[in-house]
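Trainee: My structure is in target-v9.txt, and what it holds is compact mmCIF, C-alpha atoms:
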# COMPACT_ATOMS: atom_id res chain seq x y z
CA GLU A 1 -1.59 -7.71 92.78
CA ALA A 2 -0.09 -8.05 89.32
CA ASP A 3 1.63 -11.10 87.97
CA ILE A 4 4.39 -9.54 85.96
CA TYR A 5 7.18 -11.42 84.27
CA GLN A 6 10.49 -10.31 82.89
CA THR A 7 12.88 -12.31 80.74
CA PRO A 8 15.72 -12.89 80.74
CA ARG A 9 16.68 -12.49 84.41
CA TYR A 10 20.35 -12.11 83.56
CA LEU A 11 21.98 -11.20 80.26
CA VAL A 12 25.63 -10.72 79.35
CA ILE A 13 26.10 -9.42 75.85
CA GLY A 14 28.80 -7.89 73.69
CA THR A 15 29.00 -4.26 72.63
CA GLY A 16 27.03 -3.42 69.51
CA LYS A 17 24.46 -6.20 69.82
CA LYS A 18 20.75 -5.56 69.58
CA ILE A 19 18.76 -6.78 72.57
CA THR A 20 15.13 -6.90 73.64
CA LEU A 21 14.08 -7.20 77.26
CA GLU A 22 10.68 -8.80 77.63
CA CYS A 23 7.97 -7.75 80.08
CA SER A 24 4.51 -9.29 80.31
CA GLN A 25 1.67 -8.94 82.80
CA THR A 26 -1.44 -11.05 83.16
CA MET A 27 -3.75 -8.65 85.01
CA GLY A 28 -4.88 -6.51 82.08
CA HIS A 29 -3.34 -3.35 83.54
CA ASP A 30 -3.32 -0.39 81.20
CA LYS A 31 -0.34 1.44 82.74
CA MET A 32 3.11 -0.03 82.36
CA TYR A 33 6.56 1.32 83.19
CA TRP A 34 10.27 0.69 82.76
CA TYR A 35 12.68 1.76 85.48
CA GLN A 36 16.46 1.64 85.30
CA GLN A 37 18.39 0.91 88.45
CA ASP A 38 22.06 1.82 88.39
CA PRO A 39 24.70 0.09 90.53
CA GLY A 40 24.30 2.83 93.14
CA MET A 41 20.74 1.54 93.58
CA GLU A 42 18.85 4.65 92.45
CA LEU A 43 15.79 3.92 90.33
CA HIS A 44 14.74 6.19 87.48
CA LEU A 45 11.74 6.05 85.15
CA ILE A 46 12.85 5.67 81.54
CA HIS A 47 9.61 4.77 79.71
CA TYR A 48 5.91 4.45 80.42
CA SER A 49 2.71 3.61 78.63
CA TYR A 50 -0.93 4.51 79.26
CA GLY A 51 -2.17 1.68 77.09
CA VAL A 52 -1.96 0.09 73.66
CA ASN A 53 -0.12 2.27 71.12
CA SER A 54 0.86 4.76 73.83
CA THR A 55 4.50 5.20 74.86
CA GLU A 56 6.25 8.11 76.54
CA LYS A 57 9.78 8.85 77.68
CA GLY A 58 10.45 9.13 81.38
CA ASP A 59 12.67 11.40 83.40
CA LEU A 60 15.95 9.70 82.65
CA SER A 61 17.10 9.95 79.07
CA SER A 62 17.59 6.50 77.60
CA GLU A 63 18.77 5.22 74.25
CA SER A 64 16.32 2.35 74.54
CA THR A 65 12.93 2.23 72.83
CA VAL A 66 9.68 0.54 73.80
CA SER A 67 6.52 -0.60 72.10
CA ARG A 68 3.01 -1.44 73.30
CA ILE A 69 1.14 -3.41 70.67
CA ARG A 70 -0.73 -5.57 73.16
CA THR A 71 -1.98 -4.66 76.63
CA GLU A 72 -0.03 -7.41 78.33
CA HIS A 73 3.32 -6.90 76.60
CA PHE A 74 5.79 -3.99 76.96
CA PRO A 75 9.20 -4.90 75.54
CA LEU A 76 12.27 -2.68 75.73
CA THR A 77 14.85 -2.67 72.93
CA LEU A 78 18.43 -1.48 72.70
CA GLU A 79 19.53 -1.28 69.05
CA SER A 80 23.25 -1.24 69.86
CA ALA A 81 24.26 -2.15 73.39
CA ARG A 82 27.12 -0.31 75.08
CA PRO A 83 28.88 -0.83 78.44
CA SER A 84 27.09 2.31 79.73
CA HIS A 85 23.83 0.36 79.38
CA THR A 86 24.94 -2.07 82.08
CA SER A 87 22.22 -1.84 84.71
CA GLN A 88 19.18 -3.55 86.16
CA TYR A 89 15.94 -2.91 84.28
CA LEU A 90 12.66 -3.24 86.18
CA CYS A 91 9.24 -3.39 84.56
CA ALA A 92 6.05 -2.51 86.42
CA SER A 93 2.32 -2.26 85.81
CA SER A 94 -0.46 -0.52 87.70
CA GLU A 95 -4.20 -0.05 87.86
CA GLY A 96 -5.77 1.80 90.75
CA GLY A 97 -2.70 3.51 92.11
CA THR A 98 -0.01 1.00 93.02
CA PRO A 99 2.76 -0.11 90.65
CA PHE A 100 3.78 -3.76 90.97
CA PHE A 101 7.16 -4.83 89.71
CA GLY A 102 8.64 -7.79 87.93
CA GLN A 103 11.82 -9.56 89.00
CA GLY A 104 14.04 -7.40 86.84
CA THR A 105 16.63 -8.07 84.13
CA ARG A 106 20.23 -7.58 85.09
CA LEU A 107 22.04 -6.55 81.91
CA THR A 108 25.81 -6.53 81.53
CA VAL A 109 27.36 -5.23 78.32
CA VAL A 110 30.99 -6.20 77.83
CA ALA B 1 9.71 19.08 92.20
CA GLN B 2 9.28 15.92 94.19
CA LYS B 3 12.11 14.47 96.24
CA VAL B 4 12.53 11.57 98.64
CA THR B 5 15.43 11.37 101.07
CA GLN B 6 16.55 8.23 102.85
CA ALA B 7 19.49 9.45 104.88
CA GLN B 8 20.45 6.03 106.23
CA THR B 9 22.54 4.26 103.61
CA GLU B 10 23.05 1.07 105.59
CA ILE B 11 21.85 -0.25 108.96
CA SER B 12 23.15 -3.35 110.71
CA VAL B 13 21.24 -4.98 113.52
CA VAL B 14 21.20 -8.27 115.34
CA GLU B 15 18.18 -10.50 115.06
CA LYS B 16 15.25 -9.57 117.32
CA GLU B 17 16.26 -5.92 117.50
CA ASP B 18 13.74 -3.30 116.42
CA VAL B 19 14.83 -1.04 113.58
CA THR B 20 13.38 2.13 112.05
CA LEU B 21 14.04 3.22 108.50
CA ASP B 22 13.63 6.94 107.91
CA CYS B 23 12.01 8.59 104.91
CA VAL B 24 11.57 12.32 104.37
CA TYR B 25 9.83 13.69 101.31
CA GLU B 26 9.25 16.99 99.51
CA THR B 27 6.32 17.78 97.26
CA ARG B 28 4.15 20.72 96.28
CA ASP B 29 1.19 18.47 95.54
CA THR B 30 -1.68 18.64 98.00
CA THR B 31 -2.57 15.02 97.41
CA TYR B 32 0.00 12.32 96.92
CA TYR B 33 0.85 8.72 97.63
CA LEU B 34 3.74 7.36 99.66
CA PHE B 35 5.09 3.85 99.22
CA TRP B 36 7.57 1.42 100.70
CA TYR B 37 9.13 -1.35 98.63
CA LYS B 38 11.53 -4.12 99.65
CA GLN B 39 14.30 -5.34 97.34
CA PRO B 40 15.81 -8.65 98.51
CA PRO B 41 19.12 -9.90 97.06
CA SER B 42 17.21 -11.63 94.25
CA GLY B 43 16.46 -8.20 92.80
CA GLU B 44 12.71 -7.85 92.52
CA LEU B 45 10.88 -4.93 94.10
CA VAL B 46 8.21 -6.13 96.50
CA PHE B 47 5.38 -3.76 97.36
CA LEU B 48 4.87 -3.31 101.10
CA ILE B 49 2.47 -0.40 101.61
CA ARG B 50 0.85 2.64 100.03
CA ARG B 51 -0.35 5.61 102.06
CA ASN B 52 -2.62 8.42 100.85
CA SER B 53 -1.66 11.93 101.92
CA PHE B 54 -5.05 12.57 103.48
CA ASP B 55 -4.79 9.53 105.74
CA GLU B 56 -2.34 10.05 108.58
CA GLN B 57 -3.33 6.97 110.50
CA ASN B 58 -0.42 4.78 111.40
CA GLU B 59 -0.52 1.26 110.09
CA ILE B 60 0.63 -2.04 111.51
CA SER B 61 0.98 -5.27 109.61
CA GLY B 62 2.49 -8.06 111.65
CA ARG B 63 6.03 -7.02 112.58
CA TYR B 64 5.88 -4.01 110.25
CA SER B 65 4.54 -0.59 111.16
CA TRP B 66 4.52 2.75 109.43
CA ASN B 67 4.41 6.23 110.94
CA PHE B 68 3.20 8.96 108.58
CA GLN B 69 3.57 12.55 109.83
CA LYS B 70 2.58 15.27 107.42
CA SER B 71 3.86 18.00 109.76
CA THR B 72 7.42 16.74 109.37
CA SER B 73 6.98 15.27 105.85
CA SER B 74 8.11 11.89 107.08
CA PHE B 75 6.97 8.34 106.45
CA ASN B 76 9.07 6.08 108.64
CA PHE B 77 9.04 2.30 108.64
CA THR B 78 9.69 0.17 111.71
CA ILE B 79 10.43 -3.54 111.81
CA THR B 80 9.85 -5.09 115.22
CA ALA B 81 11.87 -8.11 116.28
CA SER B 82 13.87 -8.17 113.06
CA GLN B 83 14.73 -11.45 111.37
CA VAL B 84 17.48 -12.49 108.98
CA VAL B 85 14.89 -12.68 106.18
CA ASP B 86 14.33 -8.94 106.59
CA SER B 87 17.79 -8.30 105.13
CA ALA B 88 17.19 -6.31 101.96
CA VAL B 89 17.28 -2.84 100.51
CA TYR B 90 14.18 -0.81 101.37
CA PHE B 91 12.96 2.00 99.16
CA CYS B 92 10.59 4.80 100.03
CA ALA B 93 8.78 6.39 97.06
CA LEU B 94 6.36 9.21 96.28
CA SER B 95 3.88 9.85 93.50
CA GLU B 96 1.12 12.27 92.66
CA ALA B 97 -2.31 10.96 93.60
CA LYS B 98 -3.51 10.87 90.03
CA VAL B 99 -6.00 8.34 88.85
CA GLY B 100 -4.17 5.70 86.90
CA PHE B 101 -0.67 6.77 86.04
CA GLN B 102 1.81 6.53 88.91
CA LYS B 103 5.25 7.94 88.27
CA LEU B 104 7.27 6.98 91.30
CA VAL B 105 10.08 9.13 92.66
CA PHE B 106 12.32 6.88 94.72
CA GLY B 107 14.71 7.53 97.54
CA THR B 108 18.20 6.08 97.29
CA GLY B 109 17.31 3.14 99.50
CA THR B 110 18.47 1.86 102.89
CA ARG B 111 20.31 -1.46 103.05
CA LEU B 112 19.28 -3.42 106.14
CA LEU B 113 21.54 -6.21 107.32
CA VAL B 114 20.15 -8.47 110.01
CA SER B 115 22.65 -10.89 111.48
CA PRO B 116 21.78 -13.97 113.53
Would you kindly transcribe this structure into structure tokens?

Mentor:
Amino acid sequence: EADIYQTPRYLVIGTGKKITLECSQTMGHDKMYWYQQDPGMELHLIHYSYGVNSTEKGDLSSESTVSRIRTEHFPLTLESARPSHTSQYLCASSEGGTPFFGQGTRLTVV
Amino acid sequence: AQKVTQAQTEISVVEKEDVTLDCVYETRDTTYYLFWYKQPPSGELVFLIRRNSFDEQNEISGRYSWNFQKSTSSFNFTITASQVVDSAVYFCALSEAKVGFQKLVFGTGTRLLVSP
């Protein structure tokens, strides 16, 4: 099982601000993912990575960007936050077939 | 395209009742994985089980059991003698059985409320 950490847990921020959601895992997993969970509870893949220097967009179009400079770190950035970005963001990692998730960041843009 | 349907939006039971959460899936893949995750009010997604498409054996883990039936494309989850701590949203998910990368397709979740 992965130890995977997300910070912050909760974030309230004003429109137009730049934000970075942090995600780190300690198990050395190559595959990492970002899912967005809207208030209706549906989860959608927005970004994933096969390993260092690999990033791909998921099924749901997102204005966020990600980077993977180190195996253990997969941060997500929003250059200019908008109220439509209000959601919960869940990070996951996997090796061997099962994604394990962090605790999530609940983002509110006012 | 892959799809997961959890028709039950919300279920309310009284403690010690048994409850079954339904999951029906669609996929054209011949090999795939099925998952159940639990999301308590704190928000994290907790992994419960993964099933491979070639393994239709039912599984029991304590008060939890899972019934996988390929013929009906269903992967139902039963909680026996439910407890208040079981209150959460439960998600069923599906992915291709590829080595490594697991893109999960989630159902919309079933909220389970267990009252004392």

Trainee: Under the rule of at most 9 Å, produce a per-residue listing of chain B near chain A: chain, number, name, the closest pair of atoms, and the distance in Å, as a tab-separated table, using all atoms listed in the file.

Mentor:
residue	atom	partner	partner_atom	distance
B:Tyr33	CA	A:Gly97	CA	8.4
B:Phe35	CA	A:Thr98	CA	8.5
B:Ser42	CA	A:Gln103	CA	7.8
B:Gly43	CA	A:Gln103	CA	6.1
B:Glu44	CA	A:Gln103	CA	4.0
B:Leu45	CA	A:Phe101	CA	5.8
B:Val46	CA	A:Phe101	CA	7.0
B:Phe47	CA	A:Phe100	CA	6.6
B:Arg50	CA	A:Thr98	CA	7.3
B:Val89	CA	A:Met41	CA	8.9
B:Ala97	CA	A:Gly97	CA	7.6
B:Lys98	CA	A:Gly97	CA	7.7
B:Val99	CA	A:Gly97	CA	6.7
B:Gly100	CA	A:Gly96	CA	5.7
B:Phe101	CA	A:Lys31	CA	6.3
B:Gln102	CA	A:Gly97	CA	6.3
B:Lys103	CA	A:Leu45	CA	7.4
B:Leu104	CA	A:Leu45	CA	7.7
B:Val105	CA	A:His44	CA	7.6
B:Phe106	CA	A:Leu43	CA	6.3
B:Gly107	CA	A:Glu42	CA	7.2
B:Thr108	CA	A:Glu42	CA	5.1
B:Gly109	CA	A:Met41	CA	7.0

Trainee: Counting only C-alpha atoms, select every polymer residue within 10 Å of (6.5, 20.3, 96.7) as defined in the file's coordinates, and provide the selection as a ChimeraX atom specification.

Mentor: /B:1-3,25-30

Trainee: Tell me which protein, DNA and RNA residues are within 8 Å of A:His85, counting all atoms listed in the file, leaving out same-chain ones fewer than 6 positions away, and put them as a CSV table (one decimal) with C-alpha atoms, in the coordinates of the input.

Mentor:
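Saved the output as part-v7.csv:
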chain,number,residue,atom,x,y,z
A,107,LEU,CA,22.0,-6.6,81.9
A,108,THR,CA,25.8,-6.5,81.5
A,109,VAL,CA,27.4,-5.2,78.3

Trainee: Could you check how far atom CA of B:Gln69 sits from atom CA of B:Ser87, in Å to one decimal?

Mentor: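 Between these atoms lies a distance of 25.7 Å.
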
Trainee: With all atoms listed in the file as the atoms that count, which of A:Leu60, A:Val110, A:Val12, A:Ile69 lies nearest to A:Gln36?

Mentor: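 Counting all atoms listed in the file, the residue closest to A:Gln36 is A:Leu60.
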
Trainee: Which distance in Å separates atom CA of A:Leu11 and atom CA of B:Thr9, to one decimal?

Mentor: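 Answer for the atom CA of A:Leu11 to atom CA of B:Thr9 separation: 28.0 Å.
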
Trainee: To one decimal place in Å, what is the distance between atom CA of B:Val13 and atom CA of B:Ile60?

Mentor: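 Atom CA of B:Val13 sits 20.9 Å away from atom CA of B:Ile60.
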
Trainee: Which residue, A:Lys17, A:His73, A:Arg68, A:Arg82, has the smallest gap to A:Thr55 when you use only C-alpha atoms?

Mentor: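 Comparing A:Lys17, A:His73, A:Arg68, A:Arg82 against A:Thr55, the winner is A:Arg68.
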
Trainee: Take the structure in the block and write a file for stretch 20-56 of chain B, N, CA, C and O atoms, as a PDB file, in the first residue's frame.

Mentor:
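Output contents, as saved in selection-v1.pdb:
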ATOM      1  N   THR B  20     -26.591  -4.401   0.543  1.00  0.00           N
ATOM      2  CA  THR B  20     -25.869  -4.721  -0.692  1.00  0.00           C
ATOM      3  C   THR B  20     -25.845  -3.508  -1.593  1.00  0.00           C
ATOM      4  O   THR B  20     -26.883  -2.901  -1.875  1.00  0.00           O
ATOM      5  N   LEU B  21     -24.645  -3.176  -2.046  1.00  0.00           N
ATOM      6  CA  LEU B  21     -24.450  -2.067  -2.971  1.00  0.00           C
ATOM      7  C   LEU B  21     -24.231  -2.661  -4.360  1.00  0.00           C
ATOM      8  O   LEU B  21     -23.362  -3.516  -4.552  1.00  0.00           O
ATOM      9  N   ASP B  22     -25.011  -2.171  -5.314  1.00  0.00           N
ATOM     10  CA  ASP B  22     -24.961  -2.749  -6.661  1.00  0.00           C
ATOM     11  C   ASP B  22     -23.976  -2.009  -7.557  1.00  0.00           C
ATOM     12  O   ASP B  22     -23.804  -0.787  -7.458  1.00  0.00           O
ATOM     13  N   CYS B  23     -23.363  -2.771  -8.451  1.00  0.00           N
ATOM     14  CA  CYS B  23     -22.449  -2.188  -9.440  1.00  0.00           C
ATOM     15  C   CYS B  23     -22.592  -2.993 -10.731  1.00  0.00           C
ATOM     16  O   CYS B  23     -22.415  -4.216 -10.731  1.00  0.00           O
ATOM     17  N   VAL B  24     -22.892  -2.302 -11.809  1.00  0.00           N
ATOM     18  CA  VAL B  24     -22.978  -2.927 -13.122  1.00  0.00           C
ATOM     19  C   VAL B  24     -21.998  -2.214 -14.036  1.00  0.00           C
ATOM     20  O   VAL B  24     -21.878  -0.988 -13.997  1.00  0.00           O
ATOM     21  N   TYR B  25     -21.282  -2.973 -14.844  1.00  0.00           N
ATOM     22  CA  TYR B  25     -20.252  -2.355 -15.673  1.00  0.00           C
ATOM     23  C   TYR B  25     -20.407  -2.748 -17.134  1.00  0.00           C
ATOM     24  O   TYR B  25     -21.050  -3.750 -17.465  1.00  0.00           O
ATOM     25  N   GLU B  26     -19.794  -1.946 -18.008  1.00  0.00           N
ATOM     26  CA  GLU B  26     -19.748  -2.235 -19.434  1.00  0.00           C
ATOM     27  C   GLU B  26     -18.313  -2.061 -19.902  1.00  0.00           C
ATOM     28  O   GLU B  26     -17.678  -1.056 -19.585  1.00  0.00           O
ATOM     29  N   THR B  27     -17.837  -3.028 -20.653  1.00  0.00           N
ATOM     30  CA  THR B  27     -16.508  -2.916 -21.243  1.00  0.00           C
ATOM     31  C   THR B  27     -16.389  -3.859 -22.412  1.00  0.00           C
ATOM     32  O   THR B  27     -17.035  -4.912 -22.431  1.00  0.00           O
ATOM     33  N   ARG B  28     -15.568  -3.509 -23.375  1.00  0.00           N
ATOM     34  CA  ARG B  28     -15.289  -4.397 -24.508  1.00  0.00           C
ATOM     35  C   ARG B  28     -13.971  -5.149 -24.288  1.00  0.00           C
ATOM     36  O   ARG B  28     -13.614  -6.006 -25.088  1.00  0.00           O
ATOM     37  N   ASP B  29     -13.265  -4.809 -23.242  1.00  0.00           N
ATOM     38  CA  ASP B  29     -12.010  -5.489 -22.944  1.00  0.00           C
ATOM     39  C   ASP B  29     -12.289  -6.911 -22.488  1.00  0.00           C
ATOM     40  O   ASP B  29     -13.273  -7.174 -21.791  1.00  0.00           O
ATOM     41  N   THR B  30     -11.407  -7.820 -22.858  1.00  0.00           N
ATOM     42  CA  THR B  30     -11.572  -9.209 -22.422  1.00  0.00           C
ATOM     43  C   THR B  30     -10.969  -9.428 -21.049  1.00  0.00           C
ATOM     44  O   THR B  30     -11.378 -10.322 -20.316  1.00  0.00           O
ATOM     45  N   THR B  31      -9.992  -8.605 -20.716  1.00  0.00           N
ATOM     46  CA  THR B  31      -9.427  -8.668 -19.371  1.00  0.00           C
ATOM     47  C   THR B  31      -9.500  -7.279 -18.757  1.00  0.00           C
ATOM     48  O   THR B  31      -9.203  -6.284 -19.424  1.00  0.00           O
ATOM     49  N   TYR B  32      -9.896  -7.248 -17.520  1.00  0.00           N
ATOM     50  CA  TYR B  32     -10.087  -5.956 -16.849  1.00  0.00           C
ATOM     51  C   TYR B  32     -10.048  -6.179 -15.350  1.00  0.00           C
ATOM     52  O   TYR B  32     -10.066  -7.316 -14.860  1.00  0.00           O
ATOM     53  N   TYR B  33      -9.942  -5.059 -14.634  1.00  0.00           N
ATOM     54  CA  TYR B  33      -9.991  -5.084 -13.181  1.00  0.00           C
ATOM     55  C   TYR B  33     -11.236  -4.349 -12.702  1.00  0.00           C
ATOM     56  O   TYR B  33     -11.646  -3.358 -13.293  1.00  0.00           O
ATOM     57  N   LEU B  34     -11.788  -4.826 -11.612  1.00  0.00           N
ATOM     58  CA  LEU B  34     -12.886  -4.145 -10.934  1.00  0.00           C
ATOM     59  C   LEU B  34     -12.449  -3.808  -9.516  1.00  0.00           C
ATOM     60  O   LEU B  34     -11.747  -4.588  -8.879  1.00  0.00           O
ATOM     61  N   PHE B  35     -12.878  -2.663  -9.044  1.00  0.00           N
ATOM     62  CA  PHE B  35     -12.453  -2.161  -7.738  1.00  0.00           C
ATOM     63  C   PHE B  35     -13.668  -1.659  -6.945  1.00  0.00           C
ATOM     64  O   PHE B  35     -14.670  -1.239  -7.516  1.00  0.00           O
ATOM     65  N   TRP B  36     -13.505  -1.666  -5.634  1.00  0.00           N
ATOM     66  CA  TRP B  36     -14.378  -0.909  -4.740  1.00  0.00           C
ATOM     67  C   TRP B  36     -13.502  -0.032  -3.851  1.00  0.00           C
ATOM     68  O   TRP B  36     -12.472  -0.485  -3.326  1.00  0.00           O
ATOM     69  N   TYR B  37     -13.951   1.232  -3.719  1.00  0.00           N
ATOM     70  CA  TYR B  37     -13.300   2.184  -2.828  1.00  0.00           C
ATOM     71  C   TYR B  37     -14.358   2.758  -1.881  1.00  0.00           C
ATOM     72  O   TYR B  37     -15.519   2.903  -2.247  1.00  0.00           O
ATOM     73  N   LYS B  38     -13.905   3.118  -0.686  1.00  0.00           N
ATOM     74  CA  LYS B  38     -14.762   3.754   0.315  1.00  0.00           C
ATOM     75  C   LYS B  38     -14.292   5.189   0.516  1.00  0.00           C
ATOM     76  O   LYS B  38     -13.082   5.435   0.657  1.00  0.00           O
ATOM     77  N   GLN B  39     -15.230   6.136   0.552  1.00  0.00           N
ATOM     78  CA  GLN B  39     -14.887   7.528   0.811  1.00  0.00           C
ATOM     79  C   GLN B  39     -15.647   8.007   2.043  1.00  0.00           C
ATOM     80  O   GLN B  39     -16.811   8.379   1.972  1.00  0.00           O
ATOM     81  N   PRO B  40     -14.993   7.994   3.213  1.00  0.00           N
ATOM     82  CA  PRO B  40     -15.643   8.495   4.423  1.00  0.00           C
ATOM     83  C   PRO B  40     -15.777  10.011   4.356  1.00  0.00           C
ATOM     84  O   PRO B  40     -15.234  10.646   3.450  1.00  0.00           O
ATOM     85  N   PRO B  41     -16.479  10.598   5.326  1.00  0.00           N
ATOM     86  CA  PRO B  41     -16.677  12.062   5.309  1.00  0.00           C
ATOM     87  C   PRO B  41     -15.373  12.867   5.266  1.00  0.00           C
ATOM     88  O   PRO B  41     -15.366  13.996   4.785  1.00  0.00           O
ATOM     89  N   SER B  42     -14.289  12.303   5.727  1.00  0.00           N
ATOM     90  CA  SER B  42     -13.006  13.013   5.706  1.00  0.00           C
ATOM     91  C   SER B  42     -12.456  13.196   4.299  1.00  0.00           C
ATOM     92  O   SER B  42     -11.565  14.020   4.081  1.00  0.00           O
ATOM     93  N   GLY B  43     -12.957  12.442   3.333  1.00  0.00           N
ATOM     94  CA  GLY B  43     -12.648  12.736   1.939  1.00  0.00           C
ATOM     95  C   GLY B  43     -11.685  11.828   1.214  1.00  0.00           C
ATOM     96  O   GLY B  43     -11.666  11.817  -0.017  1.00  0.00           O
ATOM     97  N   GLU B  44     -10.875  11.070   1.943  1.00  0.00           N
ATOM     98  CA  GLU B  44      -9.924  10.227   1.206  1.00  0.00           C
ATOM     99  C   GLU B  44     -10.629   9.032   0.575  1.00  0.00           C
ATOM    100  O   GLU B  44     -11.685   8.621   1.011  1.00  0.00           O
ATOM    101  N   LEU B  45     -10.031   8.468  -0.436  1.00  0.00           N
ATOM    102  CA  LEU B  45     -10.553   7.251  -1.061  1.00  0.00           C
ATOM    103  C   LEU B  45      -9.754   6.069  -0.531  1.00  0.00           C
ATOM    104  O   LEU B  45      -8.540   5.992  -0.728  1.00  0.00           O
ATOM    105  N   VAL B  46     -10.443   5.156   0.107  1.00  0.00           N
ATOM    106  CA  VAL B  46      -9.790   4.002   0.723  1.00  0.00           C
ATOM    107  C   VAL B  46     -10.035   2.776  -0.139  1.00  0.00           C
ATOM    108  O   VAL B  46     -11.183   2.409  -0.416  1.00  0.00           O
ATOM    109  N   PHE B  47      -8.964   2.142  -0.558  1.00  0.00           N
ATOM    110  CA  PHE B  47      -9.071   0.930  -1.380  1.00  0.00           C
ATOM    111  C   PHE B  47      -9.645  -0.209  -0.552  1.00  0.00           C
ATOM    112  O   PHE B  47      -9.205  -0.467   0.569  1.00  0.00           O
ATOM    113  N   LEU B  48     -10.628  -0.929  -1.130  1.00  0.00           N
ATOM    114  CA  LEU B  48     -11.216  -2.078  -0.444  1.00  0.00           C
ATOM    115  C   LEU B  48     -10.845  -3.389  -1.119  1.00  0.00           C
ATOM    116  O   LEU B  48     -10.445  -4.356  -0.454  1.00  0.00           O
ATOM    117  N   ILE B  49     -10.999  -3.448  -2.457  1.00  0.00           N
ATOM    118  CA  ILE B  49     -10.757  -4.714  -3.137  1.00  0.00           C
ATOM    119  C   ILE B  49     -10.504  -4.470  -4.618  1.00  0.00           C
ATOM    120  O   ILE B  49     -10.993  -3.499  -5.194  1.00  0.00           O
ATOM    121  N   ARG B  50      -9.727  -5.361  -5.218  1.00  0.00           N
ATOM    122  CA  ARG B  50      -9.578  -5.424  -6.670  1.00  0.00           C
ATOM    123  C   ARG B  50      -9.870  -6.848  -7.116  1.00  0.00           C
ATOM    124  O   ARG B  50      -9.425  -7.806  -6.470  1.00  0.00           O
ATOM    125  N   ARG B  51     -10.613  -6.965  -8.199  1.00  0.00           N
ATOM    126  CA  ARG B  51     -10.943  -8.276  -8.756  1.00  0.00           C
ATOM    127  C   ARG B  51     -10.476  -8.337 -10.194  1.00  0.00           C
ATOM    128  O   ARG B  51     -10.683  -7.392 -10.958  1.00  0.00           O
ATOM    129  N   ASN B  52      -9.848  -9.436 -10.602  1.00  0.00           N
ATOM    130  CA  ASN B  52      -9.473  -9.640 -11.992  1.00  0.00           C
ATOM    131  C   ASN B  52     -10.632 -10.300 -12.732  1.00  0.00           C
ATOM    132  O   ASN B  52     -11.323 -11.150 -12.176  1.00  0.00           O
ATOM    133  N   SER B  53     -10.784  -9.949 -13.990  1.00  0.00           N
ATOM    134  CA  SER B  53     -11.932 -10.437 -14.756  1.00  0.00           C
ATOM    135  C   SER B  53     -11.939 -11.956 -14.936  1.00  0.00           C
ATOM    136  O   SER B  53     -12.989 -12.558 -15.155  1.00  0.00           O
ATOM    137  N   PHE B  54     -10.778 -12.568 -14.843  1.00  0.00           N
ATOM    138  CA  PHE B  54     -10.716 -14.017 -15.050  1.00  0.00           C
ATOM    139  C   PHE B  54     -10.954 -14.797 -13.753  1.00  0.00           C
ATOM    140  O   PHE B  54     -10.940 -16.016 -13.738  1.00  0.00           O
ATOM    141  N   ASP B  55     -11.175 -14.081 -12.668  1.00  0.00           N
ATOM    142  CA  ASP B  55     -11.359 -14.728 -11.375  1.00  0.00           C
ATOM    143  C   ASP B  55     -12.742 -14.403 -10.835  1.00  0.00           C
ATOM    144  O   ASP B  55     -12.948 -13.336 -10.269  1.00  0.00           O
ATOM    145  N   GLU B  56     -13.685 -15.321 -11.017  1.00  0.00           N
ATOM    146  CA  GLU B  56     -15.055 -15.055 -10.593  1.00  0.00           C
ATOM    147  C   GLU B  56     -15.362 -15.573  -9.204  1.00  0.00           C
ATOM    148  O   GLU B  56     -16.508 -15.596  -8.781  1.00  0.00           O
TER     149      GLU B  56
END
